[in-house]
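Enquirer: Could you have a look at this structure, given as structure tokens, before my questions?
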Amino acid sequence: MTTPNASGDGLRIVIIGAGMAGILTAIRLRESGYENFVIYEKSDRVGGTWRDNTYPGIACDVPAHMYTYSFEPNPEWSNTYAPGPEIHAYFERTAQKYDVLKYIRFNEEVPHCEFVDSRWHIKTSTGREDVADFLIAATGVLHHPNVADIPGLDSFEGKWFHSARWDHGVELAGKRVGVVGTGSTAIQITSAIADKVGRYDLFQRTAQWIMPIEDIEYTEKDRAAFRADRAKLEAVRQQVNDDFEIFSNAVIDADSSGMKDIEDACLANLEDNVHDPLLREKLRPDYRAGCKRLIFSGDFYAAIQHPNAHVLTEGIERIEPEGVRLNNGELRDLDVLVVATGFRVDSFIRPTTVLGRGGVNLDDVWADSPVAYMSISVPEMPNFFMLNGPNGPVGNFSLIQIAEHQVNYILQLMEKIRAGDCREISASSDATLRFERLRSEAAKKSIWATGCRSWYLDKNGVPASWPWSRARFFDEMAAPKLESYDLAG
Ligand code: NAP
């Protein structure tokens, strides 16, 4: 069976996922003269994590004017930190404006991809078979909910759901609501609902450092000024970019003075803004700020000090029909329980089966932990590229900016094939091993390796992130080093 585009001229490209990175890839492909491509999207709308996450208080803690495609500035952002629905609407609008929607096959998942005779053979959930020259995974990182394995969860007689699958049919007003977890998600939920429910219980396994931020509303006058003068928008973006530069240089070196500044700011926030000494000690982490993904919030401490709110640190023994039984024997009776326990961040394109050259299975290649050269290409997986793949820059950055650089890099690799220099291109094993050795070594110096549990660590305890400066990342992405690639055919 063929797809509408399959018989067209030129190279065919299959993209998986119509979130931020998939939309971006489509736009860039068109600009580069590729028209024969398709995006398979398992859901019925674009937007990825911004479509799936609709919990109260959802926002992006990266300033909005930075969490924006560079080519599509948005003068209309309402706040410094845009709420989730606005971000989702921005992606939908951009996909429409750049005519991306016609390339998307909604409600079509890709369970199987296999590289045979220099092309990817793709099967989708509708039974469609597609054959492509390139396979691009834009499948996101924060995608597969991790429902904590807490004994008895299914026995709960109230309503429970994961934060990324919020049940908006459940009334919260006046109810006894519990939230498990203290990641960025749980902190935003706390700020949004602690004072609106009957009783609010935050089940904290690990305290978090909180970096204070000020979320300023842009007035109509501000927005009009942005509309009238793009340079003003650019100036805001540049300012945020400069701040990121400082932050990114700090976190990669645990001993840097920048790290000390971050830690001082978080400590002062705790000391100055949590008034009850007992609560302050409960909320005081025993590891260094920035070791886990740093949380930015201007209102969490106020919310958790509301008379309705309680921080439970005793640990969860099990869930019972009436609520949460703590390790000290206390039962916290609840009507609603939100499991804000994060995502399975090492899945990437999986559970899709990806079979590369000679049938080599990506699952086997990644049996220890996911690895990719420059986080983009895997040996023996020719013409397969990932956006926001393994060990790339994460850590309070704009993943949009990261993905834009990655797409430019991938387009240059694709150009080798378009130019007829080869039919297959993938990172060499040597380059990948060397890259991974240097990366793991450098990661040990970062703040993420200073002793805490976090989703930044792979199962061997090595920070699964880009451990060098952002400037170095941008340099590397400027042009692929072709000596690190196997070109065949
Ligand atoms: P997360 O950071 O992985 O946090 C999960 C939380 O659940 C942690 O507090 C963890 O405790 C707790 N937990 C996990 N298993 C548990 C168990 N069995 N019992 C008790 N507690 C358990 O997840 P998230 O908050 O959803 O955030 C994930 C990422 O999404 C963020 O780091 C960020 O990158 C992104 N995000 C971004 C924004 C934004 O504004 N840009 C907003 C939300 C999310 P421990 O700490 O003890 O492991």
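Just so we're on the same page: first chain in the structure tokens is A, next is B, and so on; residues restart at 1 for each chain, and ligands are numbered from 1 in the order they show up.
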List all protein, DNA and RNA residues that have an atom no more than 8 Å from any atom of ligand 1, counting only C-alpha atoms and all ligand atoms, and report them as a count of residues only.

Expert: 46

Enquirer: If we count only C-alpha atoms and set the cut-off at 7 Å, which residues sit around A:Val100, ignoring sequence neighbours fewer than 2 positions away in its own chain? Please answer as a PyMOL selection string.

Expert: chain A and resi 23+26-27+95-96+98+102-103

Enquirer: Could you give me, as a PyMOL selection string, the residues within 12 Å of stretch 247-250 of chain A, counting only C-alpha atoms and dropping anything in the same chain fewer than 3 positions from it?

Expert: chain A and resi 240-244+253-263+289-291+294+393-398+445-448+465-473

Enquirer: Taking only C-alpha atoms into account, name the residue in A:Ser347, A:Gln239, A:Thr432, A:Asn383 that is nearest to A:Asp133.

Expert: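 The shortest atom-to-atom distance to A:Asp133 comes from A:Asn383.
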
Enquirer: Name all residues at most 12 Å from A:Gly329 (count only C-alpha atoms; drop same-chain ones fewer than 3 positions away) and give them as a list of chain:residue names.

Expert: A:Glu314, A:Gly315, A:Ile316, A:Glu317, A:Arg318, A:Ile319, A:Glu320, A:Val324, A:Arg325, A:Leu326, A:Arg332

Enquirer: Would you save the residues from that selection as a PDB file, in the first residue's frame, using C-alpha atoms?

Expert:
```
ATOM      1  CA  GLU A 314       6.592  10.051  56.343  1.00  0.00           C
ATOM      2  CA  GLY A 315       6.542   8.012  53.149  1.00  0.00           C
ATOM      3  CA  ILE A 316       3.679   6.069  51.607  1.00  0.00           C
ATOM      4  CA  GLU A 317       3.211   2.533  52.844  1.00  0.00           C
ATOM      5  CA  ARG A 318       0.274   1.747  50.576  1.00  0.00           C
ATOM      6  CA  ILE A 319      -2.904   3.106  49.083  1.00  0.00           C
ATOM      7  CA  GLU A 320      -6.130   1.895  50.666  1.00  0.00           C
ATOM      8  CA  VAL A 324      -3.040   6.963  51.644  1.00  0.00           C
ATOM      9  CA  ARG A 325      -1.590   4.965  54.538  1.00  0.00           C
ATOM     10  CA  LEU A 326       1.712   6.504  55.645  1.00  0.00           C
ATOM     11  CA  ARG A 332      -4.826  10.355  55.028  1.00  0.00           C
TER      12      ARG A 332
END
```

Enquirer: Excluding A:Val336 and its own-chain neighbours fewer than 3 positions away, which residues fall within 6 Å of it when counting only C-alpha atoms? Please give them as an MDAnalysis selection string.

Expert: chainID A and resid 158:160 177

Enquirer: Take the residues from that selection and put them in a file with all heavy atoms, as a short mmCIF file (atom, residue, chain, number, x, y, z; two decimals), in the first residue's frame.

Expert:
```cif
data_model
loop_
_atom_site.label_atom_id
_atom_site.label_comp_id
_atom_site.auth_asym_id
_atom_site.auth_seq_id
_atom_site.Cartn_x
_atom_site.Cartn_y
_atom_site.Cartn_z
N GLY A 158 -11.70 6.53 45.75
CA GLY A 158 -11.92 7.86 45.18
C GLY A 158 -11.47 7.85 43.73
O GLY A 158 -11.33 6.81 43.11
N LYS A 159 -11.21 9.04 43.19
CA LYS A 159 -10.72 9.13 41.81
C LYS A 159 -9.21 9.30 41.84
O LYS A 159 -8.69 10.11 42.61
CB LYS A 159 -11.32 10.36 41.12
CG LYS A 159 -12.82 10.27 40.95
CD LYS A 159 -13.14 9.37 39.79
CE LYS A 159 -14.64 9.38 39.52
NZ LYS A 159 -15.05 8.38 38.58
N TRP A 160 -8.52 8.57 41.01
CA TRP A 160 -7.09 8.81 40.88
C TRP A 160 -6.68 8.82 39.41
O TRP A 160 -7.29 8.16 38.58
CB TRP A 160 -6.24 7.81 41.69
CG TRP A 160 -6.06 6.45 41.06
CD1 TRP A 160 -6.82 5.34 41.30
CD2 TRP A 160 -5.06 6.05 40.11
NE1 TRP A 160 -6.37 4.28 40.56
CE2 TRP A 160 -5.28 4.68 39.81
CE3 TRP A 160 -3.99 6.70 39.49
CZ2 TRP A 160 -4.47 3.97 38.93
CZ3 TRP A 160 -3.18 5.99 38.60
CH2 TRP A 160 -3.43 4.65 38.32
N VAL A 177 -7.86 16.43 48.52
CA VAL A 177 -7.06 16.08 47.33
C VAL A 177 -5.61 15.81 47.76
O VAL A 177 -5.02 16.59 48.51
CB VAL A 177 -7.08 17.24 46.29
CG1 VAL A 177 -6.21 16.90 45.08
CG2 VAL A 177 -8.50 17.55 45.87
#
```

Enquirer: Considering only helix (DSSP H, G or I) as DSSP defines it on the backbone, what residues of stretch 1-106 of chain A qualify? List them as a JSON list (two decimals) with all heavy atoms, in the first residue's frame.

Expert:
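As a result, out.json now contains:
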```json
[["chain", "number", "residue", "atom", "x", "y", "z"],
["A", 20, "MET", "N", 6.10, 19.57, 19.21],
["A", 20, "MET", "CA", 6.95, 20.72, 18.88],
["A", 20, "MET", "C", 8.01, 20.37, 17.82],
["A", 20, "MET", "O", 8.20, 21.10, 16.85],
["A", 20, "MET", "CB", 7.61, 21.22, 20.18],
["A", 20, "MET", "CG", 8.67, 22.26, 20.02],
["A", 20, "MET", "SD", 10.31, 21.63, 19.58],
["A", 20, "MET", "CE", 10.87, 20.93, 21.12],
["A", 21, "ALA", "N", 8.70, 19.23, 18.01],
["A", 21, "ALA", "CA", 9.82, 18.89, 17.12],
["A", 21, "ALA", "C", 9.34, 18.38, 15.76],
["A", 21, "ALA", "O", 10.00, 18.64, 14.74],
["A", 21, "ALA", "CB", 10.71, 17.84, 17.80],
["A", 22, "GLY", "N", 8.21, 17.68, 15.72],
["A", 22, "GLY", "CA", 7.70, 17.18, 14.45],
["A", 22, "GLY", "C", 7.22, 18.33, 13.57],
["A", 22, "GLY", "O", 7.48, 18.35, 12.36],
["A", 23, "ILE", "N", 6.53, 19.28, 14.17],
["A", 23, "ILE", "CA", 6.06, 20.45, 13.41],
["A", 23, "ILE", "C", 7.26, 21.21, 12.86],
["A", 23, "ILE", "O", 7.32, 21.59, 11.68],
["A", 23, "ILE", "CB", 5.21, 21.37, 14.31],
["A", 23, "ILE", "CG1", 3.94, 20.65, 14.77],
["A", 23, "ILE", "CG2", 4.87, 22.68, 13.60],
["A", 23, "ILE", "CD1", 3.19, 21.37, 15.89],
["A", 24, "LEU", "N", 8.24, 21.41, 13.73],
["A", 24, "LEU", "CA", 9.47, 22.11, 13.33],
["A", 24, "LEU", "C", 10.13, 21.39, 12.14],
["A", 24, "LEU", "O", 10.54, 22.03, 11.16],
["A", 24, "LEU", "CB", 10.42, 22.15, 14.53],
["A", 24, "LEU", "CG", 11.87, 22.50, 14.25],
["A", 24, "LEU", "CD1", 11.99, 23.96, 13.84],
["A", 24, "LEU", "CD2", 12.75, 22.22, 15.47],
["A", 25, "THR", "N", 10.25, 20.07, 12.23],
["A", 25, "THR", "CA", 10.92, 19.32, 11.18],
["A", 25, "THR", "C", 10.18, 19.51, 9.85],
["A", 25, "THR", "O", 10.81, 19.74, 8.81],
["A", 25, "THR", "CB", 10.97, 17.82, 11.55],
["A", 25, "THR", "OG1", 11.57, 17.69, 12.83],
["A", 25, "THR", "CG2", 11.78, 17.03, 10.54],
["A", 26, "ALA", "N", 8.86, 19.43, 9.91],
["A", 26, "ALA", "CA", 8.08, 19.59, 8.68],
["A", 26, "ALA", "C", 8.34, 20.97, 8.06],
["A", 26, "ALA", "O", 8.54, 21.09, 6.84],
["A", 26, "ALA", "CB", 6.60, 19.41, 8.99],
["A", 27, "ILE", "N", 8.34, 21.98, 8.89],
["A", 27, "ILE", "CA", 8.55, 23.34, 8.36],
["A", 27, "ILE", "C", 9.93, 23.45, 7.71],
["A", 27, "ILE", "O", 10.09, 23.97, 6.59],
["A", 27, "ILE", "CB", 8.39, 24.38, 9.50],
["A", 27, "ILE", "CG1", 6.95, 24.39, 9.99],
["A", 27, "ILE", "CG2", 8.83, 25.77, 9.04],
["A", 27, "ILE", "CD1", 6.71, 25.20, 11.26],
["A", 28, "ARG", "N", 10.92, 22.92, 8.40],
["A", 28, "ARG", "CA", 12.29, 23.01, 7.87],
["A", 28, "ARG", "C", 12.48, 22.16, 6.61],
["A", 28, "ARG", "O", 13.22, 22.55, 5.70],
["A", 28, "ARG", "CB", 13.30, 22.61, 8.95],
["A", 28, "ARG", "CG", 13.45, 23.62, 10.08],
["A", 28, "ARG", "CD", 13.94, 24.94, 9.54],
["A", 28, "ARG", "NE", 14.43, 25.83, 10.58],
["A", 28, "ARG", "CZ", 14.42, 27.16, 10.50],
["A", 28, "ARG", "NH1", 13.93, 27.75, 9.42],
["A", 28, "ARG", "NH2", 14.90, 27.89, 11.47],
["A", 29, "LEU", "N", 11.83, 21.01, 6.58],
["A", 29, "LEU", "CA", 11.94, 20.16, 5.38],
["A", 29, "LEU", "C", 11.39, 20.91, 4.17],
["A", 29, "LEU", "O", 12.01, 20.94, 3.10],
["A", 29, "LEU", "CB", 11.17, 18.85, 5.56],
["A", 29, "LEU", "CG", 11.81, 17.78, 6.44],
["A", 29, "LEU", "CD1", 10.87, 16.59, 6.61],
["A", 29, "LEU", "CD2", 13.15, 17.30, 5.88],
["A", 30, "ARG", "N", 10.24, 21.52, 4.35],
["A", 30, "ARG", "CA", 9.64, 22.24, 3.21],
["A", 30, "ARG", "C", 10.55, 23.37, 2.75],
["A", 30, "ARG", "O", 10.77, 23.56, 1.56],
["A", 30, "ARG", "CB", 8.29, 22.81, 3.62],
["A", 30, "ARG", "CG", 7.27, 21.72, 3.84],
["A", 30, "ARG", "CD", 5.90, 22.31, 3.94],
["A", 30, "ARG", "NE", 5.39, 22.68, 2.62],
["A", 30, "ARG", "CZ", 4.32, 23.44, 2.43],
["A", 30, "ARG", "NH1", 3.66, 23.92, 3.47],
["A", 30, "ARG", "NH2", 3.92, 23.75, 1.23],
["A", 31, "GLU", "N", 11.09, 24.10, 3.72],
["A", 31, "GLU", "CA", 12.00, 25.20, 3.36],
["A", 31, "GLU", "C", 13.20, 24.69, 2.58],
["A", 31, "GLU", "O", 13.79, 25.40, 1.78],
["A", 31, "GLU", "CB", 12.53, 25.87, 4.63],
["A", 31, "GLU", "CG", 11.60, 26.89, 5.20],
["A", 31, "GLU", "CD", 12.12, 27.39, 6.53],
["A", 31, "GLU", "OE1", 13.29, 27.11, 6.89],
["A", 31, "GLU", "OE2", 11.35, 28.06, 7.21],
["A", 49, "THR", "N", 3.48, 16.91, 24.30],
["A", 49, "THR", "CA", 3.33, 16.99, 25.76],
["A", 49, "THR", "C", 2.40, 18.13, 26.16],
["A", 49, "THR", "O", 1.72, 18.06, 27.18],
["A", 49, "THR", "CB", 4.72, 17.12, 26.43],
["A", 49, "THR", "OG1", 4.60, 16.79, 27.81],
["A", 49, "THR", "CG2", 5.32, 18.51, 26.29],
["A", 50, "TRP", "N", 2.30, 19.16, 25.31],
["A", 50, "TRP", "CA", 1.42, 20.29, 25.62],
["A", 50, "TRP", "C", -0.04, 19.98, 25.31],
["A", 50, "TRP", "O", -0.95, 20.68, 25.73],
["A", 50, "TRP", "CB", 1.89, 21.55, 24.88],
["A", 50, "TRP", "CG", 3.23, 21.97, 25.38],
["A", 50, "TRP", "CD1", 4.43, 21.79, 24.73],
["A", 50, "TRP", "CD2", 3.54, 22.54, 26.65],
["A", 50, "TRP", "NE1", 5.45, 22.24, 25.53],
["A", 50, "TRP", "CE2", 4.93, 22.72, 26.71],
["A", 50, "TRP", "CE3", 2.77, 22.95, 27.75],
["A", 50, "TRP", "CZ2", 5.58, 23.26, 27.81],
["A", 50, "TRP", "CZ3", 3.42, 23.50, 28.85],
["A", 50, "TRP", "CH2", 4.80, 23.65, 28.87],
["A", 51, "ARG", "N", -0.24, 18.95, 24.52],
["A", 51, "ARG", "CA", -1.60, 18.44, 24.30],
["A", 51, "ARG", "C", -1.99, 17.52, 25.45],
["A", 51, "ARG", "O", -3.10, 17.60, 25.98],
["A", 51, "ARG", "CB", -1.63, 17.67, 22.97],
["A", 51, "ARG", "CG", -2.94, 16.96, 22.66],
["A", 51, "ARG", "CD", -2.71, 15.86, 21.62],
["A", 51, "ARG", "NE", -1.76, 14.88, 22.11],
["A", 51, "ARG", "CZ", -0.76, 14.36, 21.39],
["A", 51, "ARG", "NH1", -0.56, 14.70, 20.14],
["A", 51, "ARG", "NH2", 0.08, 13.47, 21.93],
["A", 52, "ASP", "N", -1.04, 16.68, 25.87],
["A", 52, "ASP", "CA", -1.36, 15.65, 26.87],
["A", 52, "ASP", "C", -1.48, 16.21, 28.28],
["A", 52, "ASP", "O", -2.24, 15.71, 29.09],
["A", 52, "ASP", "CB", -0.27, 14.57, 26.89],
["A", 52, "ASP", "CG", -0.24, 13.76, 25.60],
["A", 52, "ASP", "OD1", -1.21, 13.85, 24.82],
["A", 52, "ASP", "OD2", 0.76, 13.06, 25.36],
["A", 84, "GLY", "N", 0.09, 26.60, 29.79],
["A", 84, "GLY", "CA", 0.09, 25.49, 28.84],
["A", 84, "GLY", "C", -0.88, 25.65, 27.68],
["A", 84, "GLY", "O", -0.49, 25.43, 26.52],
["A", 85, "PRO", "N", -2.15, 26.01, 27.93],
["A", 85, "PRO", "CA", -3.08, 26.10, 26.80],
["A", 85, "PRO", "C", -2.63, 27.12, 25.74],
["A", 85, "PRO", "O", -2.85, 26.92, 24.54],
["A", 85, "PRO", "CB", -4.40, 26.55, 27.47],
["A", 85, "PRO", "CG", -4.28, 26.07, 28.88],
["A", 85, "PRO", "CD", -2.83, 26.18, 29.24],
["A", 86, "GLU", "N", -1.99, 28.20, 26.19],
["A", 86, "GLU", "CA", -1.49, 29.19, 25.22],
["A", 86, "GLU", "C", -0.38, 28.59, 24.37],
["A", 86, "GLU", "O", -0.27, 28.86, 23.16],
["A", 86, "GLU", "CB", -0.90, 30.39, 25.98],
["A", 86, "GLU", "CG", -1.64, 31.67, 25.78],
["A", 86, "GLU", "CD", -0.97, 32.80, 26.52],
["A", 86, "GLU", "OE1", 0.04, 33.33, 26.04],
["A", 86, "GLU", "OE2", -1.48, 33.15, 27.62],
["A", 87, "ILE", "N", 0.45, 27.79, 25.01],
["A", 87, "ILE", "CA", 1.57, 27.17, 24.28],
["A", 87, "ILE", "C", 1.01, 26.16, 23.27],
["A", 87, "ILE", "O", 1.43, 26.12, 22.11],
["A", 87, "ILE", "CB", 2.54, 26.50, 25.27],
["A", 87, "ILE", "CG1", 3.15, 27.56, 26.18],
["A", 87, "ILE", "CG2", 3.63, 25.73, 24.52],
["A", 87, "ILE", "CD1", 3.96, 27.01, 27.32],
["A", 88, "HIS", "N", 0.04, 25.38, 23.73],
["A", 88, "HIS", "CA", -0.56, 24.41, 22.82],
["A", 88, "HIS", "C", -1.20, 25.13, 21.63],
["A", 88, "HIS", "O", -1.02, 24.72, 20.46],
["A", 88, "HIS", "CB", -1.59, 23.55, 23.57],
["A", 88, "HIS", "CG", -2.13, 22.44, 22.74],
["A", 88, "HIS", "ND1", -3.45, 22.12, 22.69],
["A", 88, "HIS", "CD2", -1.52, 21.61, 21.85],
["A", 88, "HIS", "CE1", -3.64, 21.13, 21.84],
["A", 88, "HIS", "NE2", -2.48, 20.80, 21.32],
["A", 89, "ALA", "N", -1.90, 26.22, 21.90],
["A", 89, "ALA", "CA", -2.55, 26.98, 20.82],
["A", 89, "ALA", "C", -1.49, 27.53, 19.85],
["A", 89, "ALA", "O", -1.69, 27.57, 18.63],
["A", 89, "ALA", "CB", -3.38, 28.12, 21.41],
["A", 90, "TYR", "N", -0.35, 27.93, 20.39],
["A", 90, "TYR", "CA", 0.74, 28.45, 19.55],
["A", 90, "TYR", "C", 1.21, 27.37, 18.56],
["A", 90, "TYR", "O", 1.41, 27.63, 17.37],
["A", 90, "TYR", "CB", 1.89, 28.91, 20.45],
["A", 90, "TYR", "CG", 3.19, 29.22, 19.72],
["A", 90, "TYR", "CD1", 3.37, 30.41, 19.03],
["A", 90, "TYR", "CD2", 4.24, 28.29, 19.71],
["A", 90, "TYR", "CE1", 4.56, 30.69, 18.37],
["A", 90, "TYR", "CE2", 5.43, 28.55, 19.06],
["A", 90, "TYR", "CZ", 5.59, 29.74, 18.39],
["A", 90, "TYR", "OH", 6.76, 30.02, 17.73],
["A", 91, "PHE", "N", 1.36, 26.13, 19.06],
["A", 91, "PHE", "CA", 1.80, 25.05, 18.16],
["A", 91, "PHE", "C", 0.73, 24.75, 17.11],
["A", 91, "PHE", "O", 1.05, 24.52, 15.94],
["A", 91, "PHE", "CB", 2.16, 23.78, 18.95],
["A", 91, "PHE", "CG", 3.44, 23.93, 19.72],
["A", 91, "PHE", "CD1", 3.51, 23.68, 21.08],
["A", 91, "PHE", "CD2", 4.60, 24.32, 19.07],
["A", 91, "PHE", "CE1", 4.68, 23.84, 21.78],
["A", 91, "PHE", "CE2", 5.80, 24.49, 19.76],
["A", 91, "PHE", "CZ", 5.83, 24.24, 21.12],
["A", 92, "GLU", "N", -0.53, 24.76, 17.53],
["A", 92, "GLU", "CA", -1.60, 24.49, 16.55],
["A", 92, "GLU", "C", -1.63, 25.59, 15.48],
["A", 92, "GLU", "O", -1.73, 25.32, 14.29],
["A", 92, "GLU", "CB", -2.95, 24.42, 17.27],
["A", 92, "GLU", "CG", -3.05, 23.19, 18.15],
["A", 92, "GLU", "CD", -4.47, 22.70, 18.39],
["A", 92, "GLU", "OE1", -5.30, 23.54, 18.78],
["A", 92, "GLU", "OE2", -4.73, 21.50, 18.21],
["A", 93, "ARG", "N", -1.48, 26.83, 15.95],
["A", 93, "ARG", "CA", -1.50, 27.97, 15.02],
["A", 93, "ARG", "C", -0.33, 27.90, 14.05],
["A", 93, "ARG", "O", -0.48, 28.11, 12.85],
["A", 93, "ARG", "CB", -1.40, 29.24, 15.88],
["A", 93, "ARG", "CG", -2.09, 30.43, 15.32],
["A", 93, "ARG", "CD", -2.24, 31.53, 16.34],
["A", 93, "ARG", "NE", -1.03, 31.99, 16.98],
["A", 93, "ARG", "CZ", -0.83, 31.97, 18.30],
["A", 93, "ARG", "NH1", -1.75, 31.48, 19.12],
["A", 93, "ARG", "NH2", 0.29, 32.43, 18.83],
["A", 94, "THR", "N", 0.83, 27.57, 14.58],
["A", 94, "THR", "CA", 2.03, 27.53, 13.74],
["A", 94, "THR", "C", 1.92, 26.41, 12.72],
["A", 94, "THR", "O", 2.28, 26.58, 11.55],
["A", 94, "THR", "CB", 3.29, 27.36, 14.63],
["A", 94, "THR", "OG1", 3.29, 28.40, 15.60],
["A", 94, "THR", "CG2", 4.56, 27.44, 13.81],
["A", 95, "ALA", "N", 1.41, 25.26, 13.15],
["A", 95, "ALA", "CA", 1.25, 24.13, 12.22],
["A", 95, "ALA", "C", 0.31, 24.53, 11.08],
["A", 95, "ALA", "O", 0.55, 24.20, 9.92],
["A", 95, "ALA", "CB", 0.71, 22.91, 12.96],
["A", 96, "GLN", "N", -0.73, 25.29, 11.43],
["A", 96, "GLN", "CA", -1.68, 25.73, 10.41],
["A", 96, "GLN", "C", -1.03, 26.74, 9.47],
["A", 96, "GLN", "O", -1.09, 26.63, 8.25],
["A", 96, "GLN", "CB", -2.87, 26.39, 11.08],
["A", 96, "GLN", "CG", -4.13, 25.60, 10.95],
["A", 96, "GLN", "CD", -5.16, 26.00, 11.97],
["A", 96, "GLN", "OE1", -5.05, 27.05, 12.60],
["A", 96, "GLN", "NE2", -6.16, 25.18, 12.14],
["A", 97, "LYS", "N", -0.39, 27.72, 10.09],
["A", 97, "LYS", "CA", 0.19, 28.82, 9.31],
["A", 97, "LYS", "C", 1.20, 28.30, 8.28],
["A", 97, "LYS", "O", 1.27, 28.80, 7.17],
["A", 97, "LYS", "CB", 0.85, 29.82, 10.27],
["A", 97, "LYS", "CG", 1.56, 30.95, 9.57],
["A", 97, "LYS", "CD", 2.05, 31.99, 10.54],
["A", 97, "LYS", "CE", 2.94, 32.99, 9.81],
["A", 97, "LYS", "NZ", 3.54, 33.97, 10.72],
["A", 101, "LEU", "N", -0.40, 20.75, 8.54],
["A", 101, "LEU", "CA", -1.44, 19.77, 8.90],
["A", 101, "LEU", "C", -1.70, 18.76, 7.79],
["A", 101, "LEU", "O", -1.98, 17.60, 8.05],
["A", 101, "LEU", "CB", -2.74, 20.49, 9.28],
["A", 101, "LEU", "CG", -2.66, 21.39, 10.52],
["A", 101, "LEU", "CD1", -3.99, 22.08, 10.78],
["A", 101, "LEU", "CD2", -2.22, 20.59, 11.75],
["A", 102, "LYS", "N", -1.56, 19.21, 6.54],
["A", 102, "LYS", "CA", -1.88, 18.29, 5.44],
["A", 102, "LYS", "C", -0.89, 17.13, 5.34],
["A", 102, "LYS", "O", -1.16, 16.14, 4.66],
["A", 102, "LYS", "CB", -1.94, 19.06, 4.12],
["A", 102, "LYS", "CG", -0.61, 19.57, 3.62],
["A", 102, "LYS", "CD", -0.78, 20.33, 2.31],
["A", 102, "LYS", "CE", 0.56, 20.79, 1.78],
["A", 102, "LYS", "NZ", 0.46, 21.84, 0.79],
["A", 103, "TYR", "N", 0.24, 17.25, 6.03],
["A", 103, "TYR", "CA", 1.24, 16.17, 6.00],
["A", 103, "TYR", "C", 1.04, 15.17, 7.14],
["A", 103, "TYR", "O", 1.76, 14.18, 7.23],
["A", 103, "TYR", "CB", 2.66, 16.75, 6.14],
["A", 103, "TYR", "CG", 3.05, 17.63, 4.98],
["A", 103, "TYR", "CD1", 2.80, 19.00, 5.01],
["A", 103, "TYR", "CD2", 3.68, 17.09, 3.86],
["A", 103, "TYR", "CE1", 3.14, 19.82, 3.95],
["A", 103, "TYR", "CE2", 4.05, 17.90, 2.80],
["A", 103, "TYR", "CZ", 3.77, 19.27, 2.85],
["A", 103, "TYR", "OH", 4.12, 20.07, 1.80]]
```

Enquirer: What lies within 6 Å of A:Ile104 using only C-alpha atoms, ignoring chain neighbours under 3 positions off, as a list in words?

Expert: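 Near A:Ile104, the qualifying residues are Val38, Ile39, Tyr40 and Leu101 of chain A.
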
Enquirer: Given only C-alpha atoms as the basis, pick out the residue of A:Tyr485, A:Trp77, A:Phe161, A:Phe134 nearest to A:Val14.

Expert: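 Under the stated criterion, the closest residue is A:Phe134.
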
Enquirer: For A:Ser297, which of A:Ile210, A:Ile193, A:Ala488, A:Val141 is the closest residue, counting only C-alpha atoms?

Expert: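 Selected residue with least distance to A:Ser297: A:Ile210.
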
Enquirer: Extract the full set of strand (DSSP E or B) residues from stretch 64-238 of chain A according to DSSP on the backbone, and format it as a ChimeraX atom specification.

Expert: /A:79,83,104-105,112-116,119-123,129-132,134-137,145,159-162,173,176-180,197,199-203,210-211,217

Enquirer: Near A:Gly358, counting only C-alpha atoms, which residues have an atom at most 10 Å away, once you skip same-chain residues fewer than 4 positions from it, shown as a PDB file with C-alpha atoms, in the first residue's frame?

Expert:
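Wrote around.pdb, looks like this:
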```
ATOM      1  CA  GLU A 114      12.842  -1.869   9.539  1.00  0.00           C
ATOM      2  CA  PHE A 115      15.814  -0.881   7.388  1.00  0.00           C
ATOM      3  CA  VAL A 116      16.012  -3.024   4.257  1.00  0.00           C
ATOM      4  CA  ASP A 117      17.888  -2.267   1.028  1.00  0.00           C
ATOM      5  CA  GLU A 380      23.874   0.580  12.214  1.00  0.00           C
ATOM      6  CA  MET A 381      20.682   2.640  12.086  1.00  0.00           C
TER       7      MET A 381
END
```

Enquirer: Could you tell me which of A:Gly33, A:Gly174, A:Gly198, A:Pro111 comes closest to A:Arg12 if we count only C-alpha atoms?

Expert: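 Ranked by minimum distance to A:Arg12, first place goes to A:Gly33.
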
Enquirer: What separation in Å, quoted to one decimal, exists between atom CA of A:Ala427 and atom CA of A:Cys113?

Expert: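 Calculated distance between atom CA of A:Ala427 and atom CA of A:Cys113 is 18.6 Å.
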